[in-house]
Amino acid sequence: MPDLLLELRSEEIPARMQRKAAGDLKKMLTDGLVEAGLTYEAAREYWTPRRLTLDIRGLTARSKDVREEIKGPSTNAPEQAIQGFLRKAGLASIADAHVHADPKKGDFYVAHISRPGRAAEEVIAGLVPAIIRSFPWPKSMRWGPASAKPGALRWVRPLQSIVCTFGPETEEPVVVDFEIDGIRAGNVTYGHRFHAPEAITVKRFDDYAAKLETAKVVIDAERRKEIILADARNLTFANGLDLVEDEGLLEEVSGLVEWPVVLMGEFEEAFLAIPPEVIRLTIRANQKCFVTRPQGEAENLSNRFILTANIEAKDGGAEIAHGNGKVVRARLSDALYFWNTDQGDLPDLGALESSAAKFNLDLAKPLDQRMARLDHLNVTFHAKLGTQGARVERIRKLAREIAPVVGADPLLAERAAVLAKADLQTEVVGEFPELQGAMGRKYALLQGENASVAAAIEEHYKPQGPSDRVPTDPVSVAVALADKLDTLVGFWAIEEKPTGSKDPYALRRAALGVIRILIENGARLRLGHVSYLAMNGYPLVVGKEKREALFADLLSFFHDRLKVYLRDQGARHDLIDAVITPDADDLLTVVRRVEALGKLLDAEDGRNLLAGTKRAANILAAEEKKGTAVAAAVDPVLFREDAEKKLFGAIGQAEAQAGEAIAKEDFSGAMVALSTLREPVDMFFDKVLVNDDDTAVRANRLALLSRIRTATDRVADFSKIAG
């Protein structure tokens with residue numbers, strides 16, 4: 001079977017676009033080939049900074065001939081229907097159609113379509129130019145004299161050459177001939193820009209990859225990553241250091257080089273006074289370099305860094321390392337200035353006194369000064385939700401209310417909430433926004449804040465994703481909940497809720513954060529109470545009806561996110577639906593009920609009880625639909641069978657025991673109490689005919705079934721459980 005090699009070579013493609021672009025090229029071409037009637041055995045994409053490559057194996061040489069019949073309208077159909085049929089079938093005239101007879105429906109038109117197969121080269125020659133012209137780059141450009149003309153070719157960077165060869169392993173492949181904006185496909189590529197810029201004639205992929213390797217180009221991005229990581233580990237180990245690994249940076253660096261050469265640079269040890277996070281981000285963001293640490297030390301960094309060059313220099317890379325070191329020193333000098341400035345006094349202290357008084361801030365402390373400035377400058381949080389200062393005031397009040405519920409000191413929670421956003425006014429966070437919270441914690445410790453307060457400043461943003469840990473310190477928990485609940489209530493108040501896949505304010509993440517914090521810390525919090533407290537901070541939410549409607553909608557949103565969370569944890573969706581009620585605002589209780597219900601149904605007694613309960617509910621529903629009388633209460637005098645008496649006594653006992661267990665929030669105990677109904681329920685259905693001829697007896701027995709439903713409904717709606 002023939003193989004196809006395609007290479008699109010251009011100027012340097014941004015590293016962040018390469019992987020997706022290669023995947024898009026593979027999908028667009030293989031989809032087009034299949035749509036044209038061709039099949040293939042395997043396809044793989046490759047990329048470097050200067051090329052996108054496809055290796056498609058076992059591609060059929062020709063598509064099959066196609067013969068099909070397209071059924072049309074009746075021969076008596078109106079002209080409009082006939083014209084539509086002609087357009088669909090691609091016929092010029094109705095005379096080109098055939099007439100088929102149907103004994104029941106009469107005569108109707110049929111188009112007999114016959115399309116001969118096409119050679120794969122023909123399909124490829126038409127498909128590739130169309131893909132290039134419609135390629136979904138996030139950003140693209142035009143270039144050269146032709147760029148001024150309408151419809152000029154656009155590509156992420158100027159496209160320089162195209163390789164397109166096709167043929168079986170046993171024969172010389174052919175060049176698939178096509179042209180796009182003066183660039184004609186061929187079998188010539190070029191190696192490394194500096195080491196091997198000469199033309200290289202290639203045949204098929206294996207030949208192509210081997211020749212490029214000789215020309216200092218590693219075509220496989222994953223192999224480039226392996227080379228960089230292995231060489232970096234070896235170089236750091238040889239120097240008595242450990243590499244601080246970074247998968248995201250490794251991916252980016254592998255997209256910057258075609259021939260990776262790993263080198264080590266250094267900077268002055270004086271810069272190690274800067275926090276490690278700042279050093280790492282400075283070197284990563286500006287020079288795309290890895291940092292190192294002394295062997296066996298988890299926190300401290302060394303003054304050596306790892307860089308990846310795209311060239312084998314004659315001096316072994318000494319000058320490259322030196323040049324990178326100069327830039328790193330300059331960037332670290334800026335970072336050191338930011339770090340020191342953040343610990344000094346602000347120049348406008350006199351203007352901050354009213355804000356300091358509002359939040360009970362100590363202007364002798366640098367972080368307090370930054371919070372005062374954040375309020376003084378009226379920095380906007382959201383156009384409809386006011387300033388950051390107003391937001392901090394809301395979070396402060398809410399954290400103080402939540403603190404006793406989660407076991408936190410209200411004064412510490414209030415202090416942490418006041419300082420939580422202060423580092424937004426620091427120089428370091430201004431340069432590296434991703435360090436917000438982390439820098440606040442460092443500055444808080446430097447000015448002598450309580451350790452729990454400092455931790456809460458960093459941790460109140462957590463969890464920031466499903467894999468991120470949740471805060472566990474009670475002060476952190478209080479502030480994190482206050483921050484997220486204030487955000488949710490605020491955006492609900494201005495009708496900025498997530499819609500479909502759109503969630504610009506990450507409200508789903510905030511709700512999931514609240515859920516995880518409560519459940520993973522075993523915290524019981526009434527969302528209704530704290531949500532109404534949060535509404536007090538928003539003048540928009542006035543009136544009892546508006547508050548209740550807002551909370552009902554927000555609680556429904558929490559329920560949806562809770563279902564997603566529990567399903568991800570392995571819980572059955574029907575058990576969740578059986579436990580959640582529209583007004584269930586204690587999420588931990590919901591989770592405990594789901595867990596207990598799952599354990600009950602894992603046991604044979606539970607499964608049999610479920611079957612009996614459903615049978616009782618179905619009988620009741622059928623009789624109620626027919627209008628059959630059901631007694632308001634069970635009358636023991638009307639019992640005729642021992643099974644009735646035993647069931648009645650068992651229900652009373654189970655209800656009492658389950659009620660006591662629920663009052664203690666012992667949901668497992670409540671389930672155990674209900675499981676005792678299994679035997680008397682089974683016996684009842686075996687021995688007793690519900691629809692007795694005596695209407696009073698029948699109504700009494702139906703009331704007994706109603707008692708079964710009422711007893712089980714205290715812990716879950718069994719009708720929603722599958723099985």
# chains A, B, ... in the order shown; residues from 1 in each chain; ligands from 1
call {"tool": "residues_around", "arguments": {"residues": "Ser668 of chain A", "least_positions_apart": "3", "cutoff": "7 Å", "atoms": "only C-alpha atoms", "output": "VMD selection string"}}
result
chain A and resid 596 671 to 672
call {"tool": "residues_around", "arguments": {"residues": "Leu435 of chain A", "least_positions_apart": "6", "cutoff": "12 Å", "atoms": "only C-alpha atoms", "output": "number ranges by chain"}}
result
A: 275-282, 421, 423-424, 426-429, 441-442, 457-459, 461
call {"tool": "residues_around", "arguments": {"residues": "segment 470-477 of chain A", "least_positions_apart": "4", "cutoff": "12 Å", "atoms": "only C-alpha atoms", "output": "number ranges by chain"}}
result
A: 396, 399-417, 420, 437, 441, 450-466, 481-485, 512-523, 525
call {"tool": "select_by_dssp", "arguments": {"residues": "segment 91-271 of chain A", "states": "helix (DSSP H, G or I)", "output": "VMD selection string"}}
result
chain A and resid 94 to 96 120 to 133 145 to 148 205 to 214 221 to 238 247 to 254 269 to 271
call {"tool": "select_by_dssp", "arguments": {"residues": "segment 284-433 of chain A", "states": "strand (DSSP E)", "output": "list in words"}}
result
Phe290, Val291, Thr292, Arg293, Pro294, Arg304, Phe305, Ile306, Leu307, Thr308, Ala309, Thr380, Phe381, His382, Gly386 and Thr387 of chain A
call {"tool": "atom_distance", "arguments": {"atom1": "atom CA of Leu601 of chain A", "atom2": "atom CA of Asp682 of chain A"}}
result
16.2 Å
call {"tool": "residues_around", "arguments": {"residues": "Leu555 of chain A", "least_positions_apart": "5", "cutoff": "12 Å", "atoms": "only C-alpha atoms", "output": "list in words"}}
result
Leu485, Leu488, Val489, Trp492, Ala511, Val514, Ile515, Arg526, Leu527, Gly528, His529, Val530, Ser531, Tyr532, Arg547, Glu548, Ala549, Leu550, Asp560, Arg561, Leu562, Ile580, Thr581, Pro582, Asp583, Ala584, Asp585, Asp586 and Leu587 of chain A
call {"tool": "write_last_selection", "arguments": {"atoms": "C-alpha atoms", "output": "CSV table (one decimal), in the first residue's frame"}}
result
chain,number,residue,atom,x,y,z
A,485,LEU,CA,-19.7,32.8,48.1
A,488,LEU,CA,-21.2,33.7,43.4
A,489,VAL,CA,-23.9,35.7,45.0
A,492,TRP,CA,-26.0,35.9,40.4
A,511,ALA,CA,-19.0,26.5,43.3
A,514,VAL,CA,-17.1,25.6,48.0
A,515,ILE,CA,-18.3,22.0,47.7
A,526,ARG,CA,-26.1,26.0,55.8
A,527,LEU,CA,-25.7,27.7,52.4
A,528,GLY,CA,-29.0,29.4,52.9
A,529,HIS,CA,-27.9,31.3,55.9
A,530,VAL,CA,-24.5,32.4,54.6
A,531,SER,CA,-25.9,33.3,51.1
A,532,TYR,CA,-28.5,35.6,52.7
A,547,ARG,CA,-33.7,37.1,47.7
A,548,GLU,CA,-35.5,33.8,47.8
A,549,ALA,CA,-35.5,33.5,44.0
A,550,LEU,CA,-31.8,34.2,43.8
A,560,ASP,CA,-25.7,20.5,39.7
A,561,ARG,CA,-22.0,20.9,40.6
A,562,LEU,CA,-22.4,18.5,43.6
A,580,ILE,CA,-31.1,15.7,46.9
A,581,THR,CA,-34.2,17.8,47.5
A,582,PRO,CA,-34.7,21.4,46.1
A,583,ASP,CA,-34.1,23.0,49.5
A,584,ALA,CA,-31.1,20.8,50.6
A,585,ASP,CA,-28.5,23.5,51.5
A,586,ASP,CA,-26.4,21.3,53.8
A,587,LEU,CA,-24.2,19.7,51.2
call {"tool": "residues_around", "arguments": {"residues": "Met28 of chain A", "least_positions_apart": "4", "cutoff": "7 Å", "atoms": "only C-alpha atoms", "output": "list in words"}}
result
Asp24, Gly32 and Ile131 of chain A
call {"tool": "write_last_selection", "arguments": {"atoms": "C-alpha atoms", "output": "PDB file, in the first residue's frame"}}
result
ATOM      1  CA  ASP A  24      -5.461  20.002  13.060  1.00  0.00           C
ATOM      2  CA  GLY A  32     -10.770  14.765   3.607  1.00  0.00           C
ATOM      3  CA  ILE A 131      -6.572  22.848   3.729  1.00  0.00           C
TER       4      ILE A 131
END
call {"tool": "residues_around", "arguments": {"residues": "Tyr443 of chain A", "least_positions_apart": "4", "cutoff": "9 Å", "atoms": "only C-alpha atoms", "output": "ChimeraX atom specification"}}
result
/A:342-343,366-367,423,438-439,447-449,454
call {"tool": "write_last_selection", "arguments": {"atoms": "C-alpha atoms", "output": "short mmCIF file (atom, residue, chain, number, x, y, z; two decimals), in the first residue's frame"}}
result
data_model
loop_
_atom_site.label_atom_id
_atom_site.label_comp_id
_atom_site.auth_asym_id
_atom_site.auth_seq_id
_atom_site.Cartn_x
_atom_site.Cartn_y
_atom_site.Cartn_z
CA ASP A 342 7.30 45.92 48.44
CA GLN A 343 8.80 45.83 51.94
CA PRO A 366 3.89 47.34 54.37
CA LEU A 367 1.06 44.92 53.53
CA ASP A 423 -0.70 41.92 47.43
CA ALA A 438 1.77 33.40 47.51
CA MET A 439 3.47 36.79 47.79
CA GLN A 447 5.49 41.76 59.08
CA GLY A 448 4.72 39.31 61.88
CA GLU A 449 1.17 38.19 61.09
CA ALA A 454 -0.62 34.35 56.39
#
call {"tool": "residues_around", "arguments": {"residues": "Val715 of chain A", "least_positions_apart": "4", "cutoff": "9 Å", "atoms": "only C-alpha atoms", "output": "list in words"}}
result
Ala578, Val579, Arg593, Leu597, Ala658, Ile662, Phe667, Ala670, Met671 and Ala711 of chain A
call {"tool": "write_last_selection", "arguments": {"atoms": "N, CA and C atoms", "output": "tab-separated table (two decimals), in the first residue's frame"}}
result
chain	number	residue	atom	x	y	z
A	578	ALA	N	-31.96	10.61	44.37
A	578	ALA	CA	-32.88	10.12	45.40
A	578	ALA	C	-32.73	10.87	46.71
A	579	VAL	N	-31.58	11.45	46.94
A	579	VAL	CA	-31.29	12.11	48.23
A	579	VAL	C	-31.48	13.63	48.16
A	593	ARG	N	-25.75	11.12	53.25
A	593	ARG	CA	-26.93	10.33	52.91
A	593	ARG	C	-26.66	9.43	51.69
A	597	LEU	N	-26.85	5.45	51.74
A	597	LEU	CA	-27.78	4.77	50.83
A	597	LEU	C	-27.04	3.76	49.96
A	658	ALA	N	-35.19	5.02	62.94
A	658	ALA	CA	-34.63	5.87	61.88
A	658	ALA	C	-34.71	7.33	62.26
A	662	ILE	N	-31.57	9.81	62.47
A	662	ILE	CA	-31.51	11.03	61.64
A	662	ILE	C	-31.29	12.25	62.52
A	667	PHE	N	-26.80	8.67	59.48
A	667	PHE	CA	-27.58	8.20	58.34
A	667	PHE	C	-27.37	6.71	58.08
A	670	ALA	N	-29.78	5.07	60.31
A	670	ALA	CA	-31.14	5.18	59.77
A	670	ALA	C	-31.37	4.13	58.68
A	671	MET	N	-30.37	3.92	57.84
A	671	MET	CA	-30.49	2.91	56.79
A	671	MET	C	-30.60	1.51	57.38
A	711	ALA	N	-42.07	5.97	55.39
A	711	ALA	CA	-40.91	5.62	56.21
A	711	ALA	C	-39.61	5.73	55.42
call {"tool": "atom_distance", "arguments": {"atom1": "atom CA of Phe290 of chain A", "atom2": "atom CA of Ile13 of chain A"}}
result
21.9 Å
call {"tool": "closest_atom_pairs", "arguments": {"of": "segment 450-512 of chain A", "to": "segment 371-385 of chain A", "cutoff": "12 Å", "atoms": "only C-alpha atoms", "output": "JSON lines"}}
result
{"residue": "A:Asp486", "atom": "CA", "partner": "A:Leu385", "partner_atom": "CA", "distance": 10.5}
{"residue": "A:Thr487", "atom": "CA", "partner": "A:Leu385", "partner_atom": "CA", "distance": 9.4}
{"residue": "A:Leu488", "atom": "CA", "partner": "A:Leu385", "partner_atom": "CA", "distance": 11.5}
{"residue": "A:Val489", "atom": "CA", "partner": "A:Leu385", "partner_atom": "CA", "distance": 10.5}
{"residue": "A:Gly490", "atom": "CA", "partner": "A:Leu385", "partner_atom": "CA", "distance": 6.8}
{"residue": "A:Phe491", "atom": "CA", "partner": "A:Leu385", "partner_atom": "CA", "distance": 8.0}
{"residue": "A:Trp492", "atom": "CA", "partner": "A:Leu385", "partner_atom": "CA", "distance": 10.9}
{"residue": "A:Ala493", "atom": "CA", "partner": "A:Leu385", "partner_atom": "CA", "distance": 9.1}
{"residue": "A:Ile494", "atom": "CA", "partner": "A:Lys384", "partner_atom": "CA", "distance": 7.2}
{"residue": "A:Glu495", "atom": "CA", "partner": "A:Lys384", "partner_atom": "CA", "distance": 10.5}
{"residue": "A:Glu496", "atom": "CA", "partner": "A:Lys384", "partner_atom": "CA", "distance": 10.2}
{"residue": "A:Tyr505", "atom": "CA", "partner": "A:His382", "partner_atom": "CA", "distance": 10.5}
call {"tool": "write_last_selection", "arguments": {"atoms": "C-alpha atoms", "output": "compact mmCIF listing (two decimals), in the first residue's frame"}}
result
# COMPACT_ATOMS: atom_id res chain seq x y z
CA ASP A 486 -19.42 36.53 47.76
CA THR A 487 -18.37 36.05 44.14
CA LEU A 488 -21.22 33.65 43.37
CA VAL A 489 -23.92 35.75 45.04
CA GLY A 490 -22.60 38.90 43.35
CA PHE A 491 -22.63 37.52 39.83
CA TRP A 492 -26.02 35.90 40.40
CA ALA A 493 -27.30 39.30 41.52
CA ILE A 494 -26.29 40.91 38.22
CA GLU A 495 -27.49 37.95 36.11
CA GLU A 496 -24.00 36.99 34.94
CA TYR A 505 -15.84 34.45 35.68
call {"tool": "closest_residue", "arguments": {"among": "A:Arg572, A:Arg16, A:Arg87, A:Arg701", "to": "Ile619 of chain A", "atoms": "only C-alpha atoms"}}
result
A:Arg701
